[in-house]
Each structure stands twice: as C-alpha cells, then as structure tokens.
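Data from structure-v8.cif: mmCIF, C-alpha atoms and all ligand atoms
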data_entry
#
loop_
_atom_site.group_PDB
_atom_site.id
_atom_site.type_symbol
_atom_site.label_atom_id
_atom_site.label_comp_id
_atom_site.auth_asym_id
_atom_site.auth_seq_id
_atom_site.Cartn_x
_atom_site.Cartn_y
_atom_site.Cartn_z
ATOM 1 C CA MET A 1 -3.701 21.514 -10.792
ATOM 2 C CA GLU A 2 -5.303 19.750 -13.742
ATOM 3 C CA ILE A 3 -7.874 17.028 -13.186
ATOM 4 C CA ILE A 4 -7.846 14.436 -15.961
ATOM 5 C CA LYS A 5 -10.402 11.630 -16.092
ATOM 6 C CA ASN A 6 -9.640 10.024 -19.390
ATOM 7 C CA PRO A 7 -6.700 7.528 -19.580
ATOM 8 C CA GLN A 8 -6.006 8.302 -23.270
ATOM 9 C CA GLU A 9 -5.869 12.035 -22.511
ATOM 10 C CA LEU A 10 -3.458 11.514 -19.625
ATOM 11 C CA GLN A 11 -1.236 9.248 -21.707
ATOM 12 C CA LYS A 12 -1.057 11.867 -24.470
ATOM 13 C CA ARG A 13 -0.244 14.586 -21.912
ATOM 14 C CA ALA A 14 2.393 12.444 -20.185
ATOM 15 C CA LEU A 15 4.094 11.565 -23.476
ATOM 16 C CA GLU A 16 4.234 15.286 -24.334
ATOM 17 C CA LEU A 17 5.779 16.054 -20.940
ATOM 18 C CA ARG A 18 8.356 13.301 -21.419
ATOM 19 C CA ALA A 19 9.148 14.638 -24.928
ATOM 20 C CA GLN A 20 9.795 18.058 -23.326
ATOM 21 C CA GLY A 21 12.405 16.359 -21.115
ATOM 22 C CA LYS A 22 10.340 16.555 -17.922
ATOM 23 C CA LYS A 23 10.801 13.994 -15.151
ATOM 24 C CA VAL A 24 7.429 12.559 -14.170
ATOM 25 C CA ALA A 25 6.586 11.022 -10.778
ATOM 26 C CA LEU A 26 3.429 9.011 -10.136
ATOM 27 C CA VAL A 27 1.763 8.457 -6.780
ATOM 28 C CA PRO A 28 -0.873 5.724 -7.225
ATOM 29 C CA THR A 29 -3.651 5.956 -4.606
ATOM 30 C CA MET A 30 -7.209 4.902 -3.909
ATOM 31 C CA GLY A 31 -8.054 8.313 -2.442
ATOM 32 C CA TYR A 32 -9.561 9.472 0.852
ATOM 33 C CA PHE A 33 -6.288 11.216 1.521
ATOM 34 C CA HIS A 34 -4.596 11.546 4.899
ATOM 35 C CA ARG A 35 -1.156 12.730 6.046
ATOM 36 C CA GLY A 36 0.364 9.503 4.720
ATOM 37 C CA HIS A 37 -0.751 10.287 1.175
ATOM 38 C CA ALA A 38 0.388 13.895 1.612
ATOM 39 C CA SER A 39 3.883 12.735 2.523
ATOM 40 C CA LEU A 40 3.989 10.514 -0.598
ATOM 41 C CA MET A 41 3.042 13.579 -2.674
ATOM 42 C CA ASP A 42 5.730 15.666 -0.939
ATOM 43 C CA ALA A 43 8.326 12.957 -1.620
ATOM 44 C CA ALA A 44 7.267 12.818 -5.294
ATOM 45 C CA ARG A 45 7.522 16.620 -5.508
ATOM 46 C CA LYS A 46 11.204 16.393 -4.515
ATOM 47 C CA LEU A 47 11.918 13.649 -7.048
ATOM 48 C CA ALA A 48 10.438 15.019 -10.278
ATOM 49 C CA ASP A 49 9.360 18.045 -12.331
ATOM 50 C CA VAL A 50 5.783 16.850 -12.726
ATOM 51 C CA VAL A 51 3.760 15.021 -10.068
ATOM 52 C CA ILE A 52 0.793 12.925 -11.141
ATOM 53 C CA VAL A 53 -1.458 11.411 -8.472
ATOM 54 C CA SER A 54 -3.908 8.730 -9.540
ATOM 55 C CA LEU A 55 -7.083 8.289 -7.529
ATOM 56 C CA PHE A 56 -8.779 5.052 -8.492
ATOM 57 C CA VAL A 57 -10.499 2.471 -6.298
ATOM 58 C CA ASN A 58 -9.380 -0.507 -8.328
ATOM 59 C CA PRO A 59 -12.115 -3.166 -8.392
ATOM 60 C CA THR A 60 -9.836 -6.030 -9.442
ATOM 61 C CA GLN A 61 -7.879 -5.980 -6.181
ATOM 62 C CA PHE A 62 -10.980 -6.508 -4.027
ATOM 63 C CA GLY A 63 -12.318 -10.004 -3.384
ATOM 64 C CA PRO A 64 -15.965 -10.952 -2.870
ATOM 65 C CA GLY A 65 -17.327 -9.592 0.422
ATOM 66 C CA GLU A 66 -14.562 -6.978 0.757
ATOM 67 C CA ASP A 67 -15.176 -3.234 1.104
ATOM 68 C CA LEU A 68 -15.085 -2.170 -2.586
ATOM 69 C CA ASP A 69 -18.551 -0.601 -2.490
ATOM 70 C CA ASN A 70 -18.048 1.065 0.883
ATOM 71 C CA TYR A 71 -14.498 2.289 0.349
ATOM 72 C CA PRO A 72 -14.433 5.850 1.734
ATOM 73 C CA HIS A 73 -14.288 8.699 -0.784
ATOM 74 C CA ASP A 74 -14.370 12.494 -0.861
ATOM 75 C CA LEU A 75 -13.109 13.786 -4.197
ATOM 76 C CA GLU A 76 -13.497 17.459 -3.345
ATOM 77 C CA ARG A 77 -11.417 17.180 -0.160
ATOM 78 C CA ASP A 78 -8.848 14.990 -1.939
ATOM 79 C CA ALA A 79 -8.467 17.463 -4.807
ATOM 80 C CA ALA A 80 -7.924 20.325 -2.329
ATOM 81 C CA LEU A 81 -5.261 18.374 -0.441
ATOM 82 C CA ALA A 82 -3.492 17.319 -3.651
ATOM 83 C CA GLN A 83 -3.425 20.935 -4.794
ATOM 84 C CA GLU A 84 -2.006 22.068 -1.431
ATOM 85 C CA HIS A 85 0.795 19.552 -1.839
ATOM 86 C CA GLY A 86 1.859 20.788 -5.246
ATOM 87 C CA VAL A 87 0.373 17.998 -7.371
ATOM 88 C CA ASP A 88 0.277 18.927 -11.056
ATOM 89 C CA ILE A 89 -2.212 16.377 -12.367
ATOM 90 C CA LEU A 90 -4.885 14.447 -10.472
ATOM 91 C CA PHE A 91 -5.987 11.434 -12.500
ATOM 92 C CA THR A 92 -9.492 10.235 -11.602
ATOM 93 C CA PRO A 93 -10.577 7.614 -14.130
ATOM 94 C CA THR A 94 -13.879 5.745 -14.019
ATOM 95 C CA ARG A 95 -13.933 1.950 -13.715
ATOM 96 C CA ASP A 96 -15.252 1.633 -17.271
ATOM 97 C CA SER A 97 -12.468 3.743 -18.705
ATOM 98 C CA MET A 98 -9.816 1.605 -16.985
ATOM 99 C CA TYR A 99 -11.243 -1.849 -17.726
ATOM 100 C CA TYR A 100 -13.012 -3.138 -20.831
ATOM 101 C CA ASP A 101 -15.907 -5.503 -20.094
ATOM 102 C CA ASP A 102 -13.850 -8.343 -21.551
ATOM 103 C CA HIS A 103 -10.539 -7.390 -19.875
ATOM 104 C CA CYS A 104 -8.500 -10.580 -19.642
ATOM 105 C CA THR A 105 -4.830 -9.605 -19.349
ATOM 106 C CA TRP A 106 -3.247 -9.948 -15.916
ATOM 107 C CA VAL A 107 0.116 -9.317 -14.318
ATOM 108 C CA GLU A 108 1.046 -11.727 -11.546
ATOM 109 C CA VAL A 109 4.031 -12.132 -9.248
ATOM 110 C CA PRO A 110 2.793 -15.345 -7.649
ATOM 111 C CA GLU A 111 5.836 -16.322 -5.616
ATOM 112 C CA LEU A 112 5.799 -13.176 -3.503
ATOM 113 C CA GLY A 113 2.051 -13.350 -3.043
ATOM 114 C CA VAL A 114 1.657 -16.716 -1.311
ATOM 115 C CA ASN A 115 2.036 -15.449 2.254
ATOM 116 C CA LEU A 116 0.648 -12.593 4.367
ATOM 117 C CA CYS A 117 -2.139 -10.635 2.612
ATOM 118 C CA GLY A 118 -1.828 -12.814 -0.510
ATOM 119 C CA LYS A 119 -2.991 -15.806 1.537
ATOM 120 C CA SER A 120 -6.146 -14.185 2.904
ATOM 121 C CA ARG A 121 -6.850 -12.041 -0.188
ATOM 122 C CA PRO A 122 -6.184 -14.418 -3.117
ATOM 123 C CA VAL A 123 -6.939 -12.033 -6.029
ATOM 124 C CA HIS A 124 -5.567 -8.922 -4.363
ATOM 125 C CA PHE A 125 -2.011 -8.742 -5.679
ATOM 126 C CA ARG A 126 -2.949 -9.798 -9.196
ATOM 127 C CA GLY A 127 -5.298 -6.792 -9.228
ATOM 128 C CA VAL A 128 -2.643 -4.481 -7.762
ATOM 129 C CA ALA A 129 0.128 -5.565 -10.164
ATOM 130 C CA THR A 130 -2.236 -5.263 -13.134
ATOM 131 C CA VAL A 131 -3.603 -1.830 -12.281
ATOM 132 C CA VAL A 132 -0.164 -0.448 -11.398
ATOM 133 C CA THR A 133 1.157 -1.684 -14.756
ATOM 134 C CA LYS A 134 -1.778 0.026 -16.477
ATOM 135 C CA LEU A 135 -1.157 3.241 -14.493
ATOM 136 C CA PHE A 136 2.514 3.121 -15.493
ATOM 137 C CA MET A 137 1.529 2.803 -19.163
ATOM 138 C CA VAL A 138 -0.964 5.663 -18.881
ATOM 139 C CA ALA A 139 1.072 8.116 -16.762
ATOM 140 C CA GLN A 140 4.513 7.232 -18.192
ATOM 141 C CA PRO A 141 6.409 8.020 -14.956
ATOM 142 C CA GLN A 142 10.139 7.555 -14.456
ATOM 143 C CA VAL A 143 9.564 7.215 -10.709
ATOM 144 C CA ALA A 144 6.616 5.996 -8.616
ATOM 145 C CA VAL A 145 6.165 6.451 -4.881
ATOM 146 C CA PHE A 146 4.548 3.856 -2.592
ATOM 147 C CA GLY A 147 4.217 3.607 1.197
ATOM 148 C CA GLN A 148 5.900 0.896 3.242
ATOM 149 C CA LYS A 149 2.715 0.138 5.172
ATOM 150 C CA ASP A 150 1.845 -2.166 2.266
ATOM 151 C CA TRP A 151 5.275 -3.813 2.449
ATOM 152 C CA GLN A 152 4.269 -6.928 0.525
ATOM 153 C CA GLN A 153 2.745 -4.769 -2.246
ATOM 154 C CA LEU A 154 6.029 -2.855 -2.499
ATOM 155 C CA ALA A 155 8.094 -6.054 -2.651
ATOM 156 C CA ILE A 156 5.808 -7.373 -5.417
ATOM 157 C CA LEU A 157 5.961 -4.148 -7.436
ATOM 158 C CA LYS A 158 9.769 -3.956 -7.116
ATOM 159 C CA ARG A 159 9.999 -7.535 -8.398
ATOM 160 C CA MET A 160 7.498 -6.807 -11.180
ATOM 161 C CA VAL A 161 9.448 -3.846 -12.585
ATOM 162 C CA ARG A 162 12.681 -5.832 -12.313
ATOM 163 C CA ASP A 163 11.329 -8.945 -14.020
ATOM 164 C CA LEU A 164 9.483 -7.082 -16.786
ATOM 165 C CA ASN A 165 12.205 -4.441 -17.384
ATOM 166 C CA ILE A 166 9.713 -1.676 -16.687
ATOM 167 C CA PRO A 167 11.683 1.602 -16.696
ATOM 168 C CA VAL A 168 10.163 2.973 -13.477
ATOM 169 C CA GLU A 169 12.132 3.486 -10.290
ATOM 170 C CA ILE A 170 10.114 2.402 -7.258
ATOM 171 C CA HIS A 171 10.561 4.785 -4.355
ATOM 172 C CA ALA A 172 9.593 3.387 -0.934
ATOM 173 C CA HIS A 173 8.322 5.824 1.661
ATOM 174 C CA GLU A 174 8.348 5.144 5.387
ATOM 175 C CA ILE A 175 5.096 4.500 7.266
ATOM 176 C CA VAL A 176 3.413 7.661 8.548
ATOM 177 C CA ARG A 177 1.902 7.151 11.998
ATOM 178 C CA GLU A 178 -0.344 8.988 14.425
ATOM 179 C CA GLU A 179 1.478 10.163 17.552
ATOM 180 C CA SER A 180 -0.056 7.104 19.233
ATOM 181 C CA GLY A 181 1.822 4.831 16.804
ATOM 182 C CA LEU A 182 -1.239 3.860 14.746
ATOM 183 C CA ALA A 183 -0.246 3.606 11.072
ATOM 184 C CA LEU A 184 -2.341 6.015 8.998
ATOM 185 C CA SER A 185 -4.832 4.340 6.674
ATOM 186 C CA SER A 186 -7.996 5.408 4.882
ATOM 187 C CA ARG A 187 -9.613 2.377 6.500
ATOM 188 C CA ASN A 188 -9.001 3.798 10.028
ATOM 189 C CA THR A 189 -12.218 5.676 9.374
ATOM 190 C CA TYR A 190 -14.062 2.364 9.997
ATOM 191 C CA LEU A 191 -12.832 2.358 13.632
ATOM 192 C CA THR A 192 -15.043 3.463 16.520
ATOM 193 C CA THR A 193 -13.526 5.754 19.162
ATOM 194 C CA GLU A 194 -12.959 2.797 21.501
ATOM 195 C CA GLU A 195 -11.309 0.773 18.730
ATOM 196 C CA LYS A 196 -9.129 3.753 17.790
ATOM 197 C CA ASN A 197 -7.909 3.886 21.391
ATOM 198 C CA VAL A 198 -6.627 0.307 21.320
ATOM 199 C CA ALA A 199 -5.500 0.118 17.665
ATOM 200 C CA PRO A 200 -2.062 1.713 18.429
ATOM 201 C CA LEU A 201 -1.246 -1.442 20.424
ATOM 202 C CA LEU A 202 -0.749 -3.169 17.075
ATOM 203 C CA CYS A 203 2.420 -1.148 16.617
ATOM 204 C CA LYS A 204 3.382 -1.377 20.304
ATOM 205 C CA GLY A 205 3.357 -5.173 19.983
ATOM 206 C CA LEU A 206 5.660 -5.004 16.961
ATOM 207 C CA LYS A 207 8.102 -2.809 18.877
ATOM 208 C CA MET A 208 7.995 -5.260 21.790
ATOM 209 C CA LEU A 209 9.025 -8.005 19.355
ATOM 210 C CA ARG A 210 11.904 -5.916 18.014
ATOM 211 C CA GLU A 211 13.143 -5.467 21.605
ATOM 212 C CA MET A 212 12.968 -9.228 22.181
ATOM 213 C CA VAL A 213 15.077 -9.734 19.040
ATOM 214 C CA GLU A 214 17.561 -7.083 20.227
ATOM 215 C CA GLU A 215 17.819 -9.011 23.498
ATOM 216 C CA GLY A 216 18.743 -12.165 21.580
ATOM 217 C CA GLU A 217 15.482 -14.036 20.848
ATOM 218 C CA GLU A 218 15.790 -15.803 17.471
ATOM 219 C CA SER A 219 12.872 -18.232 17.451
ATOM 220 C CA ALA A 220 10.161 -16.927 15.127
ATOM 221 C CA ALA A 221 7.626 -19.301 16.717
ATOM 222 C CA ARG A 222 8.270 -17.898 20.209
ATOM 223 C CA LEU A 223 8.120 -14.313 18.924
ATOM 224 C CA LYS A 224 4.831 -14.907 17.091
ATOM 225 C CA ASP A 225 3.263 -16.651 20.131
ATOM 226 C CA GLU A 226 4.286 -13.719 22.313
ATOM 227 C CA LEU A 227 2.709 -11.186 19.936
ATOM 228 C CA GLU A 228 -0.483 -13.193 19.556
ATOM 229 C CA ALA A 229 -0.815 -13.371 23.361
ATOM 230 C CA PHE A 230 -0.131 -9.620 23.632
ATOM 231 C CA TYR A 231 -2.888 -8.781 21.140
ATOM 232 C CA ALA A 232 -5.352 -11.211 22.758
ATOM 233 C CA ALA A 233 -4.734 -9.658 26.176
ATOM 234 C CA ASN A 234 -4.628 -5.999 25.155
ATOM 235 C CA ILE A 235 -6.862 -5.501 22.105
ATOM 236 C CA PRO A 236 -10.295 -6.713 23.155
ATOM 237 C CA GLY A 237 -12.514 -7.869 20.289
ATOM 238 C CA SER A 238 -9.618 -8.177 17.840
ATOM 239 C CA ARG A 239 -9.082 -11.218 15.617
ATOM 240 C CA VAL A 240 -5.686 -11.963 14.174
ATOM 241 C CA ASP A 241 -5.688 -12.703 10.437
ATOM 242 C CA TYR A 242 -1.946 -13.339 10.436
ATOM 243 C CA ILE A 243 1.203 -12.646 12.383
ATOM 244 C CA GLU A 244 4.255 -13.616 10.346
ATOM 245 C CA ILE A 245 7.982 -13.072 10.339
ATOM 246 C CA VAL A 246 9.316 -12.977 6.792
ATOM 247 C CA ASP A 247 12.320 -12.224 4.656
ATOM 248 C CA PRO A 248 11.763 -8.544 3.724
ATOM 249 C CA ASP A 249 12.620 -9.046 0.021
ATOM 250 C CA ASN A 250 11.186 -12.461 -0.846
ATOM 251 C CA ILE A 251 8.334 -12.518 1.697
ATOM 252 C CA THR A 252 9.255 -16.114 2.609
ATOM 253 C CA ILE A 253 8.441 -17.288 6.134
ATOM 254 C CA LEU A 254 11.435 -17.317 8.500
ATOM 255 C CA GLU A 255 11.883 -19.797 11.319
ATOM 256 C CA ARG A 256 14.901 -18.069 12.819
ATOM 257 C CA VAL A 257 15.527 -14.360 13.050
ATOM 258 C CA ASP A 258 19.257 -14.443 12.305
ATOM 259 C CA GLY A 259 19.260 -11.982 9.383
ATOM 260 C CA PRO A 260 17.009 -9.267 7.958
ATOM 261 C CA ALA A 261 13.471 -9.905 9.177
ATOM 262 C CA LEU A 262 10.134 -8.170 8.897
ATOM 263 C CA CYS A 263 7.248 -8.834 11.236
ATOM 264 C CA ALA A 264 3.929 -8.209 9.434
ATOM 265 C CA VAL A 265 0.472 -8.398 10.977
ATOM 266 C CA ALA A 266 -3.135 -8.140 9.856
ATOM 267 C CA VAL A 267 -5.769 -7.857 12.563
ATOM 268 C CA TYR A 268 -9.523 -7.463 12.305
ATOM 269 C CA LEU A 269 -10.853 -4.835 14.683
ATOM 270 C CA GLY A 270 -14.570 -4.126 14.364
ATOM 271 C CA LYS A 271 -15.265 -3.366 10.706
ATOM 272 C CA ALA A 272 -11.609 -2.687 9.889
ATOM 273 C CA ARG A 273 -8.842 -5.022 8.821
ATOM 274 C CA LEU A 274 -5.672 -3.265 9.939
ATOM 275 C CA ILE A 275 -2.217 -4.088 8.653
ATOM 276 C CA ASP A 276 1.141 -3.007 10.015
ATOM 277 C CA ASN A 277 4.759 -4.122 9.878
ATOM 278 C CA LEU A 278 8.172 -3.440 11.355
ATOM 279 C CA LEU A 279 11.674 -4.488 10.434
ATOM 280 C CA ILE A 280 12.616 -6.353 13.609
ATOM 281 C CA LYS A 281 16.165 -7.060 12.381
ATOM 282 C CA VAL A 282 17.928 -5.069 9.702
HETATM 283 O O1 LIG A 301 -1.867 0.975 -2.156
HETATM 284 C C1 LIG A 301 -2.890 1.305 -2.774
HETATM 285 O O2 LIG A 301 -3.569 2.273 -2.424
HETATM 286 C C2 LIG A 301 -3.332 0.488 -3.985
HETATM 287 O O3 LIG A 301 -3.072 -0.863 -3.794
HETATM 288 C C3 LIG A 301 -2.718 0.986 -5.297
HETATM 289 C C4 LIG A 301 -1.212 0.853 -5.300
HETATM 290 C C5 LIG A 301 -3.104 2.432 -5.531
HETATM 291 C C6 LIG A 301 -3.248 0.156 -6.470
HETATM 292 O O4 LIG A 301 -4.637 0.264 -6.582
#
I'd like the structure from this file rewritten - as structure tokens, please.
Ligand code: PAF
Amino acid sequence: MEIIKNPQELQKRALELRAQGKKVALVPTMGYFHRGHASLMDAARKLADVVIVSLFVNPTQFGPGEDLDNYPHDLERDAALAQEHGVDILFTPTRDSMYYDDHCTWVEVPELGVNLCGKSRPVHFRGVATVVTKLFMVAQPQVAVFGQKDWQQLAILKRMVRDLNIPVEIHAHEIVREESGLALSSRNTYLTTEEKNVAPLLCKGLKMLREMVEEGEESAARLKDELEAFYAANIPGSRVDYIEIVDPDNITILERVDGPALCAVAVYLGKARLIDNLLIKV
C-alpha cells in the first residue's frame, strides 16, 4: 500500500491509473478506523481495480466548539487496517495542502441541509460537500463509497453529483453495528462504559418505531413523542438534539408515514453526540 500525502501527487497518480483503463474507487474517511470503515473498504475492493482511502479530518465541516481538535486519531493503526483490507493508496493530506489560507470556493446543497444535522450544525454540510468535491477532483474515482449512518450526508452527496454532473457513482453501504445494535462510529470512543451500555437503546427505540408503523401508526407526531419518551425513560443523562421522520431522498419533514420514511435521531450522551437512523417504511 502506498501512502500519499500530497494532493498534486495523488491527482497525477490517479490520472495515470485512469489512463491505463483502471477503475478507481474512493472511500473518503476521517480516520480512526473501525469495522464500519473496513466494510466500506471491502465494498470498494469489490467495485474497482484500485482502492483509494482518504484520511482527512476536514476542518471546514466542524463548527465552533465542536470536536475538531480532539477528533480521535491513530495513523499507524489506520494504515495497518487499510493494508489488511487491500487498500492500494492511503491519502493523508495536511490541512494546509488541502486548503489555501484564502480558500473561498464552496459547494452547497442548501435544500437538503435545512433539517436534521444541518439544523444543529449549520456549516457542516457545506464543508462536507466542498471537501468531497475536492477529494473527487484529486482522486479521480469513478465510484465512491459512503456509509448510511450519515444518511443526510449521502442524500446531499447524491444530489450534488446529480446536479453538478460529476461522473462519480455514489455507492451507499449499510450501517455496521455492534451486536448490541449500537451503530459503529469513531466518536463511540468518547463514551464511558456505562454510556456504552445504554447507547444501543438508540437503535432499539428506532426498531420500536418501525414496529409501531408496521402495526398501522401513521402519525409522525405520535411516533416522535413515543421515541422521545422511550429515550428519556431508558437512556439516563441523554439529551435529544433531534428526532425526526423525513422523506429519505429529500430530507423533508413528514407529518404522516404513508410512504417511504426514515426516522433519524441525534442524541447527546456524555461527551458524544450520537446519530442513528432507520427506514421505518420502505
Ligand atoms: O463521513 C465522513 O467521515 C466525512 O464527513 C467525510 C465524508 C469523509 C468528509 O470529510
């Protein structure tokens, strides 16, 4: 596995690979790999001849007071895991090599960013869409793999490539969970043992909602109230950022669950802000 730090060097390498007729897959990440990242790498391996994984904690998607400076990292461990999973190139740029001091060009998909995480993290999706566009230009992939845990991010990136005619196929990968149901996340490392014991109830609550929908409940208000009460009663010390039921493609808020519906939640637990989601009607 090659480790490339310099964006210009990777772009040159990727253009050469494309000229040789190779299919390139990109897995954009912020590092501190877990089984979820590994399964994205495995999926990419099946889709392309060359797998590039980017490891970059992108400053522009963090707001003031968020965990940019404390984001967990362990490059040596990450490189070993990437190698084990057949990654060909690990791209580890510095902040300065990715952004000029006077960077002022942004990619925004505002309509899909008004709800859920976009509401509580106002600059987040502008930063994500911009850095992913830059990574696409640098790594020149034909396909890019993202996890469904960040459902809103995926919806935004799918819309972005559609609207801007970017020739990259977005491949969505299902959420990887602990046996307990807890969705894997690098930020789970912020949880204490006690918090880790109750965190799987986030997912249990979502499944409870799906059952209510299967039994005929259509009122989004009633479903959300039920889930809020479940979290309040069962996850001591948690604080709900949002519980929403949305259209899975447009991320618009639904009042009735009478068609495809996604329930998405963000909950603060100790130092962590956990997100999860489930399609409660397909
Ligand atoms: O999902 C993430 O880890 C990040 O938002 C991404 C896509 C790597 C962009 O920084």
A:His34 surroundings by all atoms listed in the file, 9 Å radius, close-in-sequence under 3 positions cut, as a compact mmCIF listing (two decimals) with C-alpha atoms, in the frame of the given file:
# COMPACT_ATOMS: atom_id res chain seq x y z
CA GLY A 31 -8.05 8.31 -2.44
CA HIS A 37 -0.75 10.29 1.18
CA ALA A 38 0.39 13.90 1.61
CA SER A 39 3.88 12.74 2.52
CA ASP A 78 -8.85 14.99 -1.94
CA LEU A 81 -5.26 18.37 -0.44
CA LEU A 184 -2.34 6.02 9.00
CA SER A 185 -4.83 4.34 6.67
CA SER A 186 -8.00 5.41 4.88
- Nearby polymer residues, ligand LIG 301 (chain A), at most 7 Å, all atoms listed in the file, as a PyMOL selection string: chain A and resi 28-30+56-58+128+131-132+150
Write out as JSON an axis-aligned box for stretch 206-213 of chain A: all of its atoms listed in the file, 4 Å added on each side, centre and edge lengths in Å with one decimal.
{"center_x": 10.4, "center_y": -6.3, "center_z": 19.6, "size_x": 17.4, "size_y": 14.9, "size_z": 13.2}
What do you get, as a PDB file with C-alpha atoms, in the frame of the given file, if you spell out every residue that the PyMOL selection byres (((chain A and resi 66) around 12) and not hetatm) selects here?
ATOM      1  CA  PRO A  59     -12.115  -3.166  -8.392  1.00  0.00           C
ATOM      2  CA  THR A  60      -9.836  -6.030  -9.442  1.00  0.00           C
ATOM      3  CA  GLN A  61      -7.879  -5.980  -6.181  1.00  0.00           C
ATOM      4  CA  PHE A  62     -10.980  -6.508  -4.027  1.00  0.00           C
ATOM      5  CA  GLY A  63     -12.318 -10.004  -3.384  1.00  0.00           C
ATOM      6  CA  PRO A  64     -15.965 -10.952  -2.870  1.00  0.00           C
ATOM      7  CA  GLY A  65     -17.327  -9.592   0.422  1.00  0.00           C
ATOM      8  CA  ASP A  67     -15.176  -3.234   1.104  1.00  0.00           C
ATOM      9  CA  LEU A  68     -15.085  -2.170  -2.586  1.00  0.00           C
ATOM     10  CA  ASP A  69     -18.551  -0.601  -2.490  1.00  0.00           C
ATOM     11  CA  ASN A  70     -18.048   1.065   0.883  1.00  0.00           C
ATOM     12  CA  TYR A  71     -14.498   2.289   0.349  1.00  0.00           C
ATOM     13  CA  SER A 120      -6.146 -14.185   2.904  1.00  0.00           C
ATOM     14  CA  ARG A 121      -6.850 -12.041  -0.188  1.00  0.00           C
ATOM     15  CA  PRO A 122      -6.184 -14.418  -3.117  1.00  0.00           C
ATOM     16  CA  VAL A 123      -6.939 -12.033  -6.029  1.00  0.00           C
ATOM     17  CA  HIS A 124      -5.567  -8.922  -4.363  1.00  0.00           C
ATOM     18  CA  LYS A 271     -15.265  -3.366  10.706  1.00  0.00           C
ATOM     19  CA  ALA A 272     -11.609  -2.687   9.889  1.00  0.00           C
ATOM     20  CA  ARG A 273      -8.842  -5.022   8.821  1.00  0.00           C
TER      21      ARG A 273
END
- Query: Between atom CA of A:Val109 and atom CA of A:Ile253, what is the spacing in Å?
  - Reply: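 A separation of 16.8 Å between them.
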- Residues picked by the PyMOL selection byres (((chain A and resi 94) around 12) and not hetatm) here, as a PyMOL selection string? chain A and resi 4-7+54-59+91-93+95-100
- Query: So, counting only C-alpha atoms, which residue among A:Met1, A:Val145, A:Ala155, A:Val198 is closest to A:Asp88?
  - Reply: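 Comparing A:Met1, A:Val145, A:Ala155, A:Val198 against A:Asp88, the winner is A:Met1.
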Per residue of stretch 65-151 of chain A within 6 Å of stretch 165-177 of chain A, note the shortest atom pair and the distance in Å to one decimal, counting all atoms listed in the file, and order the rows by chain and increasing residue number, as CSV.
residue,atom,partner,partner_atom,distance
A:Gln142,CA,A:Val168,CA,4.7
A:Val143,CA,A:Glu169,CA,4.5
A:Ala144,CA,A:Ile170,CA,5.2
A:Val145,CA,A:His171,CA,4.7
A:Phe146,CA,A:Ala172,CA,5.3
A:Gly147,CA,A:His173,CA,4.7
A:Gln148,CA,A:Glu174,CA,5.4
A:Lys149,CA,A:Ile175,CA,5.4
- Message: Please report the interatomic distance between atom CA of A:Phe136 and atom CA of A:Met41 in Å with one decimal.
- Response: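 About the pair atom CA of A:Phe136 and atom CA of A:Met41: they are 16.6 Å apart.
Taking atom CA of A:Val87 and atom CA of A:Glu16 as the two end points, the separation is 17.6 Å.
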- Output check: residues returned by the PyMOL selection byres (((chain A and resi 264) around 10) and not hetatm), as a PyMOL selection string: chain A and resi 116-117+149-152+206+242-246+248+251+261-263+265-266+275-280
Could you please take those selected residues and save C-alpha atoms as a CSV table (one decimal), in the coordinates of the input?
chain,number,residue,atom,x,y,z
A,116,LEU,CA,0.6,-12.6,4.4
A,117,CYS,CA,-2.1,-10.6,2.6
A,149,LYS,CA,2.7,0.1,5.2
A,150,ASP,CA,1.8,-2.2,2.3
A,151,TRP,CA,5.3,-3.8,2.4
A,152,GLN,CA,4.3,-6.9,0.5
A,206,LEU,CA,5.7,-5.0,17.0
A,242,TYR,CA,-1.9,-13.3,10.4
A,243,ILE,CA,1.2,-12.6,12.4
A,244,GLU,CA,4.3,-13.6,10.3
A,245,ILE,CA,8.0,-13.1,10.3
A,246,VAL,CA,9.3,-13.0,6.8
A,248,PRO,CA,11.8,-8.5,3.7
A,251,ILE,CA,8.3,-12.5,1.7
A,261,ALA,CA,13.5,-9.9,9.2
A,262,LEU,CA,10.1,-8.2,8.9
A,263,CYS,CA,7.2,-8.8,11.2
A,265,VAL,CA,0.5,-8.4,11.0
A,266,ALA,CA,-3.1,-8.1,9.9
A,275,ILE,CA,-2.2,-4.1,8.7
A,276,ASP,CA,1.1,-3.0,10.0
A,277,ASN,CA,4.8,-4.1,9.9
A,278,LEU,CA,8.2,-3.4,11.4
A,279,LEU,CA,11.7,-4.5,10.4
A,280,ILE,CA,12.6,-6.4,13.6
- Item | Top pick for closest residue to A:Glu84, considering A:Leu274, A:Asp42, A:Glu194, A:Lys134 and counting all atoms listed in the file |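 Closest candidate: A:Asp42.
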- Find, counting only C-alpha atoms, the residue in A:Met160, A:Leu47, A:Val240, A:Leu10 that gets nearest to A:Phe125.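 When distances to A:Phe125 are compared using only C-alpha atoms, the smallest one comes from A:Met160.
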- Task: Considering all atoms listed in the file, return as a list of chain:residue names whatever protein or nucleic-acid residues lie within 8 Å of A:Glu108, sequence-local ones (same chain, fewer than 5 positions apart) excluded.
- Result: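 Contacts, in chain order: A:Phe125, A:Arg126, A:Ala129, A:Thr130.
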- Message: Here is a test: counting only C-alpha atoms, which residue of A:Gln8, A:Asn234, A:Gln20, A:Ser219 is nearest to A:Ala139?
- Response: A:Gln8
- Item | 6 Å contact set for A:Leu90, all atoms listed in the file, chain neighbours under 5 positions out, as a PyMOL selection string | chain A and resi 3+52-54
Take the residues that were just selected and, keeping C-alpha atoms, output them as a PDB file, keeping the file's coordinate frame.
ATOM      1  CA  ILE A   3      -7.874  17.028 -13.186  1.00  0.00           C
ATOM      2  CA  ILE A  52       0.793  12.925 -11.141  1.00  0.00           C
ATOM      3  CA  VAL A  53      -1.458  11.411  -8.472  1.00  0.00           C
ATOM      4  CA  SER A  54      -3.908   8.730  -9.540  1.00  0.00           C
TER       5      SER A  54
END
- Which is closer to A:Ala25 than all the others in A:Glu178, A:Asp74, A:Pro141, A:Ala80, using only C-alpha atoms? A:Pro141
- Message: as a PyMOL selection string, please: the residues near A:Pro260 (cut-off 7 Å, only C-alpha atoms, same-chain neighbours under 5 positions excluded).
- Response: chain A and resi 247-248+281-282
Selected residues written out, C-alpha atoms, as a compact mmCIF listing (two decimals), in the coordinates of the input:
# COMPACT_ATOMS: atom_id res chain seq x y z
CA ASP A 247 12.32 -12.22 4.66
CA PRO A 248 11.76 -8.54 3.72
CA LYS A 281 16.16 -7.06 12.38
CA VAL A 282 17.93 -5.07 9.70
